[in-house]
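J.: Below is target-v5.tsv; it holds TSV, C-alpha atoms.
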chain	number	residue	atom	x	y	z
P	1	MET	CA	68.16	115.49	86.82
P	2	THR	CA	70.60	118.37	86.71
P	3	GLY	CA	71.93	118.27	83.16
P	4	VAL	CA	69.47	120.68	81.60
P	5	ALA	CA	68.38	119.26	78.31
P	6	ASP	CA	67.98	121.75	75.50
P	7	THR	CA	64.31	122.22	76.19
P	8	ILE	CA	63.69	124.29	73.06
P	9	PRO	CA	64.39	122.62	69.70
P	10	LEU	CA	66.84	124.56	67.54
P	11	THR	CA	64.32	125.64	64.90
P	12	GLU	CA	61.94	126.93	67.57
P	13	ALA	CA	64.82	128.62	69.38
P	14	ARG	CA	65.79	130.48	66.19
P	15	SER	CA	62.23	131.66	65.75
P	16	LEU	CA	61.91	132.77	69.39
P	17	VAL	CA	65.20	134.65	69.25
P	18	ARG	CA	64.19	136.38	66.02
P	19	ARG	CA	60.92	137.50	67.62
P	20	ALA	CA	62.63	138.53	70.86
P	21	ARG	CA	65.15	140.63	68.93
P	22	SER	CA	62.35	142.49	67.24
P	23	GLY	CA	60.89	143.43	70.62
P	24	ASP	CA	58.44	140.58	71.31
P	25	PHE	CA	58.52	140.22	75.09
P	26	ASP	CA	56.34	137.08	75.01
P	27	ALA	CA	59.13	135.35	73.09
P	28	LEU	CA	61.70	136.60	75.57
P	29	GLY	CA	59.49	135.34	78.39
P	30	GLN	CA	59.35	131.88	76.82
P	31	ILE	CA	63.14	131.76	76.63
P	32	TYR	CA	63.36	132.86	80.27
P	33	ARG	CA	60.87	130.21	81.45
P	34	ALA	CA	62.63	127.47	79.50
P	35	TYR	CA	66.03	128.13	81.04
P	36	GLU	CA	65.53	129.88	84.40
P	37	THR	CA	65.86	126.65	86.40
P	38	GLY	CA	68.93	125.55	84.46
P	39	VAL	CA	70.62	128.90	84.96
P	40	TYR	CA	69.66	129.07	88.64
P	41	THR	CA	70.90	125.52	89.29
P	42	LEU	CA	74.23	126.29	87.65
P	43	ALA	CA	74.50	129.59	89.53
P	44	ARG	CA	73.62	127.95	92.83
P	45	ARG	CA	76.40	125.37	92.36
P	46	LEU	CA	78.95	128.04	91.48
P	47	THR	CA	78.14	130.71	94.06
P	48	ARG	CA	78.06	130.87	97.83
P	49	THR	CA	74.50	131.86	98.59
P	50	ALA	CA	71.01	131.66	97.15
P	51	GLU	CA	70.99	135.47	96.92
P	52	ASP	CA	74.16	135.43	94.81
P	53	ALA	CA	72.58	132.82	92.56
P	54	GLU	CA	69.44	134.93	92.14
P	55	ASP	CA	71.60	137.89	91.14
P	56	VAL	CA	73.43	135.73	88.60
P	57	LEU	CA	70.07	134.58	87.21
P	58	GLN	CA	68.98	138.19	86.72
P	59	GLU	CA	72.33	139.37	85.33
P	60	THR	CA	72.43	136.44	82.93
P	61	PHE	CA	69.04	137.15	81.40
P	62	LEU	CA	69.70	140.88	81.17
P	63	GLU	CA	72.85	139.98	79.22
P	64	VAL	CA	70.85	137.54	77.11
P	65	CYS	CA	68.35	140.34	76.29
P	66	ARG	CA	71.17	142.70	75.32
P	67	SER	CA	73.18	140.16	73.33
P	68	LEU	CA	70.60	138.04	71.54
P	69	GLY	CA	72.07	139.28	68.27
P	70	ASN	CA	75.33	137.53	69.14
P	71	TRP	CA	73.76	134.06	69.18
P	72	ARG	CA	74.54	132.71	65.74
P	73	GLY	CA	71.73	130.16	65.72
P	74	ASP	CA	73.98	127.31	64.64
P	75	GLY	CA	74.52	125.85	68.10
P	76	SER	CA	72.46	125.14	71.18
P	77	LEU	CA	70.71	128.15	72.69
P	78	TRP	CA	71.11	126.57	76.12
P	79	GLY	CA	74.86	126.18	75.55
P	80	TRP	CA	75.13	129.90	74.76
P	81	ILE	CA	73.03	130.97	77.76
P	82	ARG	CA	74.88	128.53	80.04
P	83	THR	CA	78.24	130.07	79.11
P	84	ILE	CA	76.92	133.54	79.92
P	85	ALA	CA	75.62	132.27	83.28
P	86	ALA	CA	78.92	130.56	84.15
P	87	SER	CA	80.86	133.73	83.27
P	88	LYS	CA	78.54	135.88	85.40
P	89	ALA	CA	78.88	133.50	88.35
P	90	LEU	CA	82.66	133.22	88.07
P	91	MET	CA	82.93	136.98	87.60
P	92	ARG	CA	81.46	137.47	91.07
P	93	TYR	CA	84.34	135.99	92.91
P	94	ARG	CA	86.86	137.49	90.58
P	95	ARG	CA	85.30	140.85	91.43
P	96	GLU	CA	85.26	140.12	95.13
P	97	LYS	CA	88.89	138.94	94.90
P	98	LEU	CA	87.92	135.88	96.83
P	99	ARG	CA	91.02	133.96	97.79
P	100	GLU	CA	90.68	130.31	98.58
P	101	THR	CA	94.02	129.30	99.99
P	102	ASP	CA	94.73	126.00	101.68
P	103	GLU	CA	94.40	127.79	105.00
P	104	LEU	CA	90.89	128.91	104.14
P	105	ASP	CA	90.05	125.40	102.99
P	106	GLU	CA	91.14	124.05	106.34
P	107	ALA	CA	89.17	126.75	108.14
P	108	SER	CA	86.01	125.84	106.27
P	109	MET	CA	86.58	122.17	107.06
P	110	GLY	CA	86.87	123.12	110.71
P	111	ARG	CA	83.50	124.82	110.62
P	112	ALA	CA	82.06	121.85	108.84
P	113	GLY	CA	82.98	119.72	111.83
P	114	ASP	CA	79.54	120.55	113.18
P	115	LEU	CA	77.85	118.93	110.20
P	116	PRO	CA	76.11	115.62	110.73
P	117	LEU	CA	78.25	112.62	109.91
P	118	GLN	CA	75.82	111.33	107.31
P	119	LEU	CA	77.05	113.53	104.52
P	120	ASP	CA	75.35	112.90	101.25
P	121	LEU	CA	76.87	113.92	97.95
P	122	GLU	CA	75.02	117.23	97.78
P	123	ALA	CA	76.15	118.24	101.28
P	124	ALA	CA	79.71	117.18	100.49
P	125	LEU	CA	79.65	119.23	97.29
P	126	GLU	CA	78.38	122.24	99.21
P	127	ARG	CA	81.20	121.79	101.71
P	128	LEU	CA	83.88	122.15	99.01
P	129	PRO	CA	85.56	125.55	98.66
P	130	GLU	CA	83.80	127.65	96.03
P	131	ARG	CA	86.52	127.47	93.43
P	132	SER	CA	86.97	123.69	93.68
P	133	ARG	CA	83.21	123.21	93.59
P	134	SER	CA	83.00	125.32	90.45
P	135	VAL	CA	85.67	123.24	88.71
P	136	VAL	CA	83.97	119.96	89.69
P	137	TRP	CA	80.59	121.17	88.52
P	138	LEU	CA	81.75	122.73	85.27
P	139	HIS	CA	83.90	119.72	84.35
P	140	ASP	CA	82.01	116.68	85.64
P	141	VAL	CA	78.43	117.87	85.21
P	142	GLU	CA	78.42	120.56	82.54
P	143	GLY	CA	81.14	118.91	80.47
P	144	TYR	CA	83.49	121.87	80.02
P	145	THR	CA	87.12	120.96	79.25
P	146	HIS	CA	89.95	122.00	81.56
P	147	GLU	CA	91.06	124.45	78.88
P	148	GLU	CA	87.62	126.09	78.79
P	149	ILE	CA	87.42	126.22	82.59
P	150	ALA	CA	90.90	127.72	82.81
P	151	GLU	CA	89.91	130.44	80.35
P	152	MET	CA	86.66	131.23	82.17
P	153	MET	CA	88.37	131.38	85.56
P	154	GLY	CA	91.49	133.18	84.41
P	155	MET	CA	93.66	130.29	85.62
P	156	THR	CA	95.90	127.69	84.00
P	157	THR	CA	94.79	124.30	82.72
P	158	SER	CA	96.96	122.55	85.27
P	159	PHE	CA	95.29	124.58	88.03
P	160	SER	CA	91.90	123.32	86.86
P	161	LYS	CA	93.17	119.71	86.80
P	162	SER	CA	94.72	119.92	90.24
P	163	GLN	CA	91.57	121.54	91.70
P	164	LEU	CA	89.49	118.70	90.28
P	165	ALA	CA	91.79	116.05	91.75
P	166	ARG	CA	91.90	117.70	95.18
P	167	ALA	CA	88.14	118.13	95.20
P	168	HIS	CA	87.62	114.44	94.42
P	169	GLN	CA	90.01	113.45	97.19
P	170	LYS	CA	87.96	115.52	99.64
P	171	LEU	CA	84.66	114.17	98.36
P	172	ARG	CA	86.01	110.65	98.73
P	173	ALA	CA	87.07	111.24	102.33
P	174	TRP	CA	83.82	112.95	103.32
P	175	LEU	CA	81.58	110.39	101.63
P	176	ALA	CA	83.54	107.55	103.24
P	177	GLU	CA	83.17	109.30	106.58
P	178	GLY	CA	79.44	109.71	105.99
P	179	SER	CA	78.97	106.06	105.15
P	180	GLY	CA	80.93	105.03	108.23
P	181	ALA	CA	83.70	103.42	106.17
I	1	MET	CA	109.69	96.27	94.35
I	2	SER	CA	105.92	96.87	94.12
I	3	GLU	CA	104.50	99.23	91.52
I	4	ARG	CA	103.02	102.52	92.75
I	5	HIS	CA	99.31	103.22	92.47
I	6	GLY	CA	97.87	105.84	90.15
I	7	THR	CA	97.22	109.29	91.59
I	8	THR	CA	93.72	110.79	91.63
I	9	ALA	CA	94.77	113.14	88.82
I	10	GLU	CA	96.02	110.20	86.71
I	11	LEU	CA	92.85	108.20	87.30
I	12	LEU	CA	90.66	111.21	86.49
I	13	ALA	CA	92.58	111.65	83.24
I	14	VAL	CA	91.83	108.02	82.33
I	15	ARG	CA	88.17	108.51	83.27
I	16	ASP	CA	88.06	111.51	80.93
I	17	GLY	CA	89.74	109.62	78.09
I	18	GLU	CA	93.09	111.35	78.41
I	19	GLY	CA	95.10	108.99	80.58
I	20	SER	CA	98.71	108.07	79.95
I	21	ALA	CA	99.69	104.69	78.51
I	22	TRP	CA	101.24	103.77	81.86
I	23	ALA	CA	98.03	104.56	83.75
I	24	ARG	CA	95.87	102.54	81.36
I	25	GLU	CA	98.20	99.54	81.54
I	26	HIS	CA	98.46	99.83	85.32
I	27	LEU	CA	94.66	99.83	85.68
I	28	ALA	CA	94.46	96.54	83.82
I	29	ARG	CA	96.50	94.81	86.49
I	30	CYS	CA	95.75	96.79	89.68
I	31	GLU	CA	92.44	96.00	91.35
I	32	PRO	CA	92.49	98.88	93.91
I	33	CYS	CA	93.11	101.47	91.17
I	34	ALA	CA	90.40	99.93	88.97
I	35	GLY	CA	88.05	100.16	91.95
I	36	GLU	CA	88.99	103.79	92.51
I	37	LEU	CA	88.38	104.58	88.83
I	38	TYR	CA	84.94	102.98	89.09
I	39	ARG	CA	84.23	105.08	92.19
I	40	LEU	CA	85.22	108.29	90.35
I	41	GLU	CA	82.88	107.36	87.49
I	42	GLN	CA	80.09	106.74	90.00
I	43	VAL	CA	80.61	110.12	91.69
I	44	ARG	CA	80.36	111.87	88.34
I	45	ALA	CA	77.17	109.97	87.49
I	46	ARG	CA	75.66	110.83	90.88
I	47	LEU	CA	76.62	114.51	90.49
I	48	LYS	CA	74.87	114.61	87.11
I	49	ALA	CA	71.79	113.04	88.70
I	50	LEU	CA	71.45	115.67	91.45
I	51	PRO	CA	68.09	117.43	91.21
I	52	SER	CA	67.65	120.84	89.61
I	53	ILE	CA	67.04	123.79	91.92
I	54	ARG	CA	64.15	126.14	91.22
I	55	PRO	CA	64.70	129.85	91.90
I	56	PRO	CA	62.97	130.84	95.16
I	57	ARG	CA	61.43	133.98	93.64
I	58	ASP	CA	60.19	134.86	90.20
I	59	ARG	CA	62.57	137.40	88.68
I	60	TRP	CA	60.93	137.63	85.27
I	61	SER	CA	59.06	140.89	86.01
I	62	LEU	CA	62.28	142.57	87.05
I	63	VAL	CA	64.23	141.22	84.07
I	64	ALA	CA	61.45	142.29	81.68
I	65	ALA	CA	61.25	145.77	83.21
I	66	HIS	CA	65.02	146.23	82.87
I	67	ALA	CA	64.99	144.84	79.33
I	68	ARG	CA	62.21	147.25	78.31
I	69	SER	CA	64.11	150.11	79.86
I	70	ASP	CA	67.36	149.07	78.12
I	71	ARG	CA	65.59	148.82	74.78
I	72	ARG	CA	63.95	152.22	75.22
I	73	GLY	CA	67.28	153.74	76.26
I	74	ARG	CA	69.04	152.32	73.20
I	75	ARG	CA	66.35	153.71	70.89
I	76	LEU	CA	66.57	157.09	72.57
I	77	HIS	CA	70.37	157.18	72.37
I	78	SER	CA	70.22	156.10	68.78
I	79	ALA	CA	67.77	158.92	67.93
I	80	ILE	CA	69.90	161.41	69.82
I	81	GLY	CA	72.99	160.06	68.05
I	82	VAL	CA	71.41	160.64	64.63
I	83	ALA	CA	70.33	164.17	65.61
I	84	ALA	CA	73.77	164.90	67.04
I	85	ALA	CA	75.45	163.59	63.91
I	86	ALA	CA	73.23	165.79	61.73
I	87	ALA	CA	74.01	168.80	63.89
I	88	LEU	CA	77.72	168.02	63.72
I	89	VAL	CA	77.61	167.84	59.92
I	90	GLY	CA	75.92	171.27	59.87
I	91	VAL	CA	78.43	172.78	62.24
I	92	THR	CA	81.32	171.35	60.25
I	93	PHE	CA	79.89	172.68	57.01
I	94	LEU	CA	79.46	176.19	58.42
I	95	ALA	CA	82.75	176.37	60.23
I	96	VAL	CA	85.41	178.43	58.43
I	97	ARG	CA	88.22	177.58	60.82
I	98	PRO	CA	88.82	175.20	63.69
I	99	ARG	CA	87.52	176.56	66.94
I	100	PRO	CA	87.39	175.13	70.46
I	101	GLN	CA	84.59	172.56	70.79
I	102	PRO	CA	82.53	172.15	73.94
I	103	LEU	CA	83.61	169.13	75.96
I	104	PRO	CA	81.74	166.06	74.69
I	105	ASP	CA	81.29	164.95	78.32
I	106	ALA	CA	79.41	168.14	79.11
I	107	ALA	CA	77.04	167.63	76.18
I	108	ALA	CA	76.49	164.00	77.11
I	109	LEU	CA	75.88	164.97	80.71
I	110	ASP	CA	73.32	167.59	79.69
I	111	ARG	CA	71.45	165.08	77.57
I	112	ALA	CA	71.50	162.44	80.28
I	113	MET	CA	70.22	164.89	82.91
I	114	ILE	CA	67.45	166.19	80.65
I	115	GLN	CA	66.30	162.65	79.88
I	116	SER	CA	66.34	161.69	83.53
I	117	ARG	CA	64.30	164.73	84.55
I	118	ALA	CA	61.81	164.11	81.74
I	119	MET	CA	61.35	160.53	82.89
I	120	GLU	CA	60.96	161.67	86.48
I	121	ALA	CA	58.20	164.07	85.35
I	122	THR	CA	56.51	161.18	83.51
I	123	LEU	CA	56.61	159.07	86.65
I	124	ARG	CA	55.17	161.90	88.76
I	125	SER	CA	52.42	162.47	86.20
I	126	ILE	CA	51.03	158.94	86.68
I	127	SER	CA	50.82	159.47	90.48
I	128	PRO	CA	52.38	156.14	91.51
I	129	GLU	CA	51.49	156.72	95.16
I	130	ARG	CA	47.80	156.39	94.24
I	131	ARG	CA	48.27	153.12	92.36
I	132	PRO	CA	48.06	150.02	94.54
I	133	LEU	CA	50.51	147.32	93.39
I	134	ASN	CA	50.03	143.58	93.66
I	135	GLY	CA	52.66	141.46	95.48
I	136	GLY	CA	54.98	140.75	92.55
I	137	ALA	CA	54.84	144.27	91.15
I	138	ALA	CA	55.33	145.77	94.61
I	139	SER	CA	58.46	143.69	95.06
I	140	VAL	CA	59.81	144.79	91.65
I	141	ALA	CA	58.99	148.43	92.44
I	142	ALA	CA	60.74	148.15	95.81
I	143	ASP	CA	63.87	146.72	94.13
I	144	LEU	CA	63.85	149.52	91.55
I	145	GLU	CA	63.38	152.20	94.20
I	146	GLN	CA	66.30	150.79	96.12
I	147	GLU	CA	68.45	150.90	92.98
I	148	LEU	CA	67.31	154.49	92.39
I	149	SER	CA	68.30	155.41	95.91
I	150	GLN	CA	71.78	153.89	95.37
I	151	VAL	CA	72.24	155.81	92.12
I	152	ASP	CA	71.12	159.04	93.81
I	153	SER	CA	73.60	158.46	96.63
I	154	ALA	CA	76.38	157.98	94.09
I	155	LEU	CA	75.34	161.17	92.29
I	156	ASN	CA	75.42	163.05	95.58
I	157	ASP	CA	79.09	162.19	95.99
I	158	PRO	CA	80.88	165.40	94.90
I	159	GLY	CA	84.16	163.50	94.36
I	160	ALA	CA	82.61	161.45	91.57
I	161	TRP	CA	81.92	164.59	89.51
I	162	ARG	CA	85.57	165.61	89.65
I	163	THR	CA	87.27	162.26	89.24
I	164	GLU	CA	84.93	160.21	87.06
I	165	PRO	CA	82.83	162.47	84.82
I	166	ASP	CA	82.05	159.61	82.43
I	167	HIS	CA	80.74	157.55	85.31
I	168	VAL	CA	78.47	160.42	86.31
I	169	VAL	CA	76.96	160.46	82.82
I	170	ASP	CA	76.46	156.74	83.10
I	171	LEU	CA	74.77	157.16	86.48
I	172	TRP	CA	72.32	159.67	85.03
I	173	ARG	CA	71.54	157.22	82.23
I	174	GLN	CA	71.00	154.44	84.76
I	175	ARG	CA	68.69	156.77	86.65
I	176	THR	CA	66.63	157.32	83.49
I	177	GLY	CA	66.45	153.57	82.93
I	178	ILE	CA	65.30	152.85	86.47
I	179	LEU	CA	62.66	155.58	86.35
I	180	SER	CA	61.47	154.23	83.03
I	181	ALA	CA	61.19	150.74	84.52
I	182	LEU	CA	59.18	152.18	87.42
I	183	VAL	CA	56.80	153.80	84.96
I	184	ASP	CA	56.41	150.41	83.26
I	185	VAL	CA	55.72	148.65	86.56
I	186	HIS	CA	53.06	151.13	87.64
I	187	THR	CA	51.32	151.41	84.28
I	188	ALA	CA	51.46	147.63	83.61
I	189	ASN	CA	49.94	146.98	87.01
I	190	ALA	CA	47.15	149.43	86.25
I	191	THR	CA	46.49	147.61	82.97
I	192	TYR	CA	46.20	144.25	84.74
I	193	ALA	CA	43.99	145.77	87.43
I	194	ALA	CA	41.61	147.03	84.75
I	195	PHE	CA	40.77	143.48	83.59
In structure tokens, write the structure found in this file.

T.:
Amino acid sequence: MTGVADTIPLTEARSLVRRARSGDFDALGQIYRAYETGVYTLARRLTRTAEDAEDVLQETFLEVCRSLGNWRGDGSLWGWIRTIAASKALMRYRREKLRETDELDEASMGRAGDLPLQLDLEAALERLPERSRSVVWLHDVEGYTHEEIAEMMGMTTSFSKSQLARAHQKLRAWLAEGSGA
Amino acid sequence: MSERHGTTAELLAVRDGEGSAWAREHLARCEPCAGELYRLEQVRARLKALPSIRPPRDRWSLVAAHARSDRRGRRLHSAIGVAAAAALVGVTFLAVRPRPQPLPDAAALDRAMIQSRAMEATLRSISPERRPLNGGAASVAADLEQELSQVDSALNDPGAWRTEPDHVVDLWRQRTGILSALVDVHTANATYAAF
């Protein structure tokens, strides 16, 4: 199951963070172990390659180490770490000035013509352009609102909504194709 | 004249509890649109049920080494900051008239270079070439050495010194941090090997 449950109860999370802030690396290690898979899964869905996702995992936890004092302790620790991870992942293609125009979308679909017809959902998701995939994942799986996604991606709310709709149209077509419909 | 169907965006809005009154009423009487809404709900449920992905390599050693180095760097900068502040108070007290101050960048650069060289001497003193590393530590050390090489290349760019002096200071600080992490990796490995 993808939706990473908050594996550390809030009271324990507060105690771990307090210890980690005072320099206890065992506590920091426990936080890392609890959330590394969640962060990596999110990063893998939002970036192009496994290497990019590994970099996001590392950058996220370095930021967590530096900013533990900013977690107020009144909300989920996973929610706080997840937002850092999403920002790090989205920052990568902002930095790389990746442009996903319709033309590029079509080009990637052309390459995907070699894929087997039996596309499952995971393969179809992977086939989506990076930006659309990020919107689908952040909205449908992680539960971010269009307003939050727009802010994280530096886009408008209507852009987020239209990306979601277009992505679902593509998923529908590919999944229908895969099932032979 | 037949009524139009809802668009994907309109149906998604209904799915997310934000649909227009028209869309909600239309869904009550349009079987294809109701079917499409159900399909969109199913896709979301299936997406949420996709399995988690485990990282292919363990990055904890690297994260911990960087975190230790960061923490040490902050403590060092803080101590230097206190000393610098005390010195500044003394200078201000003694000064009888304003006089030209040395460029703060130059002072920061001096400090950063001294720290980096001190850390390099520490690393040399533990003779890392004579310390065999296990697989995980060797991988971390290789990553750190690669980072060190990149920083050194950047420092060897003469243009950077002219155009971005602040960045050069930052590079020297990064160099200190990386060297410090290398010291940690080699000494930690020796500790484990002793057990």

J.: Can I get the residues of chain P within 9 Å of chain I, each with the closest pair of atoms and their distance in Å to one decimal, using only C-alpha atoms, sorted chain first then ascending number, as a Markdown table?

T.:
| residue | atom | partner | partner_atom | distance |
| --- | --- | --- | --- | --- |
| P:Met1 | CA | I:Ala49 | CA | 4.8 |
| P:Thr2 | CA | I:Ser52 | CA | 4.8 |
| P:Gly3 | CA | I:Lys48 | CA | 6.1 |
| P:Val4 | CA | I:Ser52 | CA | 8.2 |
| P:Gly23 | CA | I:Arg71 | CA | 8.3 |
| P:Phe25 | CA | I:Ala64 | CA | 7.5 |
| P:Leu28 | CA | I:Ala64 | CA | 8.4 |
| P:Gly29 | CA | I:Trp60 | CA | 7.4 |
| P:Tyr32 | CA | I:Trp60 | CA | 7.3 |
| P:Arg33 | CA | I:Trp60 | CA | 8.3 |
| P:Glu36 | CA | I:Pro55 | CA | 7.5 |
| P:Thr37 | CA | I:Arg54 | CA | 5.1 |
| P:Gly38 | CA | I:Ser52 | CA | 7.1 |
| P:Tyr40 | CA | I:Pro55 | CA | 6.0 |
| P:Thr41 | CA | I:Ile53 | CA | 5.0 |
| P:Leu42 | CA | I:Ile53 | CA | 8.7 |
| P:Arg44 | CA | I:Ile53 | CA | 7.8 |
| P:Ala50 | CA | I:Pro56 | CA | 8.3 |
| P:Ala53 | CA | I:Pro55 | CA | 8.4 |
| P:Glu54 | CA | I:Pro55 | CA | 7.0 |
| P:Leu57 | CA | I:Arg59 | CA | 8.1 |
| P:Gln58 | CA | I:Val63 | CA | 6.2 |
| P:Glu59 | CA | I:Val63 | CA | 8.4 |
| P:Phe61 | CA | I:Val63 | CA | 6.8 |
| P:Leu62 | CA | I:Val63 | CA | 6.2 |
| P:Cys65 | CA | I:Ala67 | CA | 6.4 |
| P:Arg66 | CA | I:Ala67 | CA | 7.7 |
| P:Leu121 | CA | I:Leu47 | CA | 7.5 |
| P:Glu122 | CA | I:Leu50 | CA | 7.4 |
| P:Leu125 | CA | I:Leu47 | CA | 8.8 |
| P:Val136 | CA | I:Arg44 | CA | 9.0 |
| P:Trp137 | CA | I:Leu47 | CA | 8.0 |
| P:Asp140 | CA | I:Arg44 | CA | 5.8 |
| P:Val141 | CA | I:Lys48 | CA | 5.2 |
| P:Glu142 | CA | I:Lys48 | CA | 8.3 |
| P:Lys161 | CA | I:Ala9 | CA | 7.1 |
| P:Ser162 | CA | I:Ala9 | CA | 6.9 |
| P:Leu164 | CA | I:Ala9 | CA | 7.8 |
| P:Ala165 | CA | I:Ala9 | CA | 5.1 |
| P:Arg166 | CA | I:Thr8 | CA | 8.0 |
| P:His168 | CA | I:Thr8 | CA | 7.6 |
| P:Gln169 | CA | I:Thr8 | CA | 7.2 |
| P:Leu171 | CA | I:Val43 | CA | 8.8 |
| P:Arg172 | CA | I:Leu40 | CA | 8.7 |

J.: Include C-alpha atoms and write out the residues we just selected as an mmCIF file, in the coordinates of the input.

T.:
data_model
loop_
_atom_site.group_PDB
_atom_site.id
_atom_site.type_symbol
_atom_site.label_atom_id
_atom_site.label_comp_id
_atom_site.auth_asym_id
_atom_site.auth_seq_id
_atom_site.Cartn_x
_atom_site.Cartn_y
_atom_site.Cartn_z
ATOM 1 C CA MET P 1 68.160 115.490 86.820
ATOM 2 C CA THR P 2 70.600 118.370 86.710
ATOM 3 C CA GLY P 3 71.930 118.270 83.160
ATOM 4 C CA VAL P 4 69.470 120.680 81.600
ATOM 5 C CA GLY P 23 60.890 143.430 70.620
ATOM 6 C CA PHE P 25 58.520 140.220 75.090
ATOM 7 C CA LEU P 28 61.700 136.600 75.570
ATOM 8 C CA GLY P 29 59.490 135.340 78.390
ATOM 9 C CA TYR P 32 63.360 132.860 80.270
ATOM 10 C CA ARG P 33 60.870 130.210 81.450
ATOM 11 C CA GLU P 36 65.530 129.880 84.400
ATOM 12 C CA THR P 37 65.860 126.650 86.400
ATOM 13 C CA GLY P 38 68.930 125.550 84.460
ATOM 14 C CA TYR P 40 69.660 129.070 88.640
ATOM 15 C CA THR P 41 70.900 125.520 89.290
ATOM 16 C CA LEU P 42 74.230 126.290 87.650
ATOM 17 C CA ARG P 44 73.620 127.950 92.830
ATOM 18 C CA ALA P 50 71.010 131.660 97.150
ATOM 19 C CA ALA P 53 72.580 132.820 92.560
ATOM 20 C CA GLU P 54 69.440 134.930 92.140
ATOM 21 C CA LEU P 57 70.070 134.580 87.210
ATOM 22 C CA GLN P 58 68.980 138.190 86.720
ATOM 23 C CA GLU P 59 72.330 139.370 85.330
ATOM 24 C CA PHE P 61 69.040 137.150 81.400
ATOM 25 C CA LEU P 62 69.700 140.880 81.170
ATOM 26 C CA CYS P 65 68.350 140.340 76.290
ATOM 27 C CA ARG P 66 71.170 142.700 75.320
ATOM 28 C CA LEU P 121 76.870 113.920 97.950
ATOM 29 C CA GLU P 122 75.020 117.230 97.780
ATOM 30 C CA LEU P 125 79.650 119.230 97.290
ATOM 31 C CA VAL P 136 83.970 119.960 89.690
ATOM 32 C CA TRP P 137 80.590 121.170 88.520
ATOM 33 C CA ASP P 140 82.010 116.680 85.640
ATOM 34 C CA VAL P 141 78.430 117.870 85.210
ATOM 35 C CA GLU P 142 78.420 120.560 82.540
ATOM 36 C CA LYS P 161 93.170 119.710 86.800
ATOM 37 C CA SER P 162 94.720 119.920 90.240
ATOM 38 C CA LEU P 164 89.490 118.700 90.280
ATOM 39 C CA ALA P 165 91.790 116.050 91.750
ATOM 40 C CA ARG P 166 91.900 117.700 95.180
ATOM 41 C CA HIS P 168 87.620 114.440 94.420
ATOM 42 C CA GLN P 169 90.010 113.450 97.190
ATOM 43 C CA LEU P 171 84.660 114.170 98.360
ATOM 44 C CA ARG P 172 86.010 110.650 98.730
#

J.: One decimal, Å: what's the distance from atom CA of Ala154 of chain I over to atom CA of Arg131 of chain I, could you say?

T.: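 Straight-line distance from atom CA of Ala154 of chain I to atom CA of Arg131 of chain I works out to 28.6 Å.
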
J.: Please list as a ChimeraX atom specification every residue within 12 Å of Ala141 of chain I, counting only C-alpha atoms and excluding residues in the same chain fewer than 2 positions away.

T.: /I:61-62,65-66,128-129,131-139,143-148,178-189

J.: Save out the residues we just selected, C-alpha atoms, as a PDB file, in the frame of the given file.

T.:
ATOM      1  CA  SER I  61      59.060 140.890  86.010  1.00  0.00           C
ATOM      2  CA  LEU I  62      62.280 142.570  87.050  1.00  0.00           C
ATOM      3  CA  ALA I  65      61.250 145.770  83.210  1.00  0.00           C
ATOM      4  CA  HIS I  66      65.020 146.230  82.870  1.00  0.00           C
ATOM      5  CA  PRO I 128      52.380 156.140  91.510  1.00  0.00           C
ATOM      6  CA  GLU I 129      51.490 156.720  95.160  1.00  0.00           C
ATOM      7  CA  ARG I 131      48.270 153.120  92.360  1.00  0.00           C
ATOM      8  CA  PRO I 132      48.060 150.020  94.540  1.00  0.00           C
ATOM      9  CA  LEU I 133      50.510 147.320  93.390  1.00  0.00           C
ATOM     10  CA  ASN I 134      50.030 143.580  93.660  1.00  0.00           C
ATOM     11  CA  GLY I 135      52.660 141.460  95.480  1.00  0.00           C
ATOM     12  CA  GLY I 136      54.980 140.750  92.550  1.00  0.00           C
ATOM     13  CA  ALA I 137      54.840 144.270  91.150  1.00  0.00           C
ATOM     14  CA  ALA I 138      55.330 145.770  94.610  1.00  0.00           C
ATOM     15  CA  SER I 139      58.460 143.690  95.060  1.00  0.00           C
ATOM     16  CA  ASP I 143      63.870 146.720  94.130  1.00  0.00           C
ATOM     17  CA  LEU I 144      63.850 149.520  91.550  1.00  0.00           C
ATOM     18  CA  GLU I 145      63.380 152.200  94.200  1.00  0.00           C
ATOM     19  CA  GLN I 146      66.300 150.790  96.120  1.00  0.00           C
ATOM     20  CA  GLU I 147      68.450 150.900  92.980  1.00  0.00           C
ATOM     21  CA  LEU I 148      67.310 154.490  92.390  1.00  0.00           C
ATOM     22  CA  ILE I 178      65.300 152.850  86.470  1.00  0.00           C
ATOM     23  CA  LEU I 179      62.660 155.580  86.350  1.00  0.00           C
ATOM     24  CA  SER I 180      61.470 154.230  83.030  1.00  0.00           C
ATOM     25  CA  ALA I 181      61.190 150.740  84.520  1.00  0.00           C
ATOM     26  CA  LEU I 182      59.180 152.180  87.420  1.00  0.00           C
ATOM     27  CA  VAL I 183      56.800 153.800  84.960  1.00  0.00           C
ATOM     28  CA  ASP I 184      56.410 150.410  83.260  1.00  0.00           C
ATOM     29  CA  VAL I 185      55.720 148.650  86.560  1.00  0.00           C
ATOM     30  CA  HIS I 186      53.060 151.130  87.640  1.00  0.00           C
ATOM     31  CA  THR I 187      51.320 151.410  84.280  1.00  0.00           C
ATOM     32  CA  ALA I 188      51.460 147.630  83.610  1.00  0.00           C
ATOM     33  CA  ASN I 189      49.940 146.980  87.010  1.00  0.00           C
TER      34      ASN I 189
END

J.: Between atom CA of Ser2 of chain I and atom CA of Gly17 of chain I, what distance in Å does the model show, to one decimal?

T.: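 These two atoms are separated by 26.1 Å.
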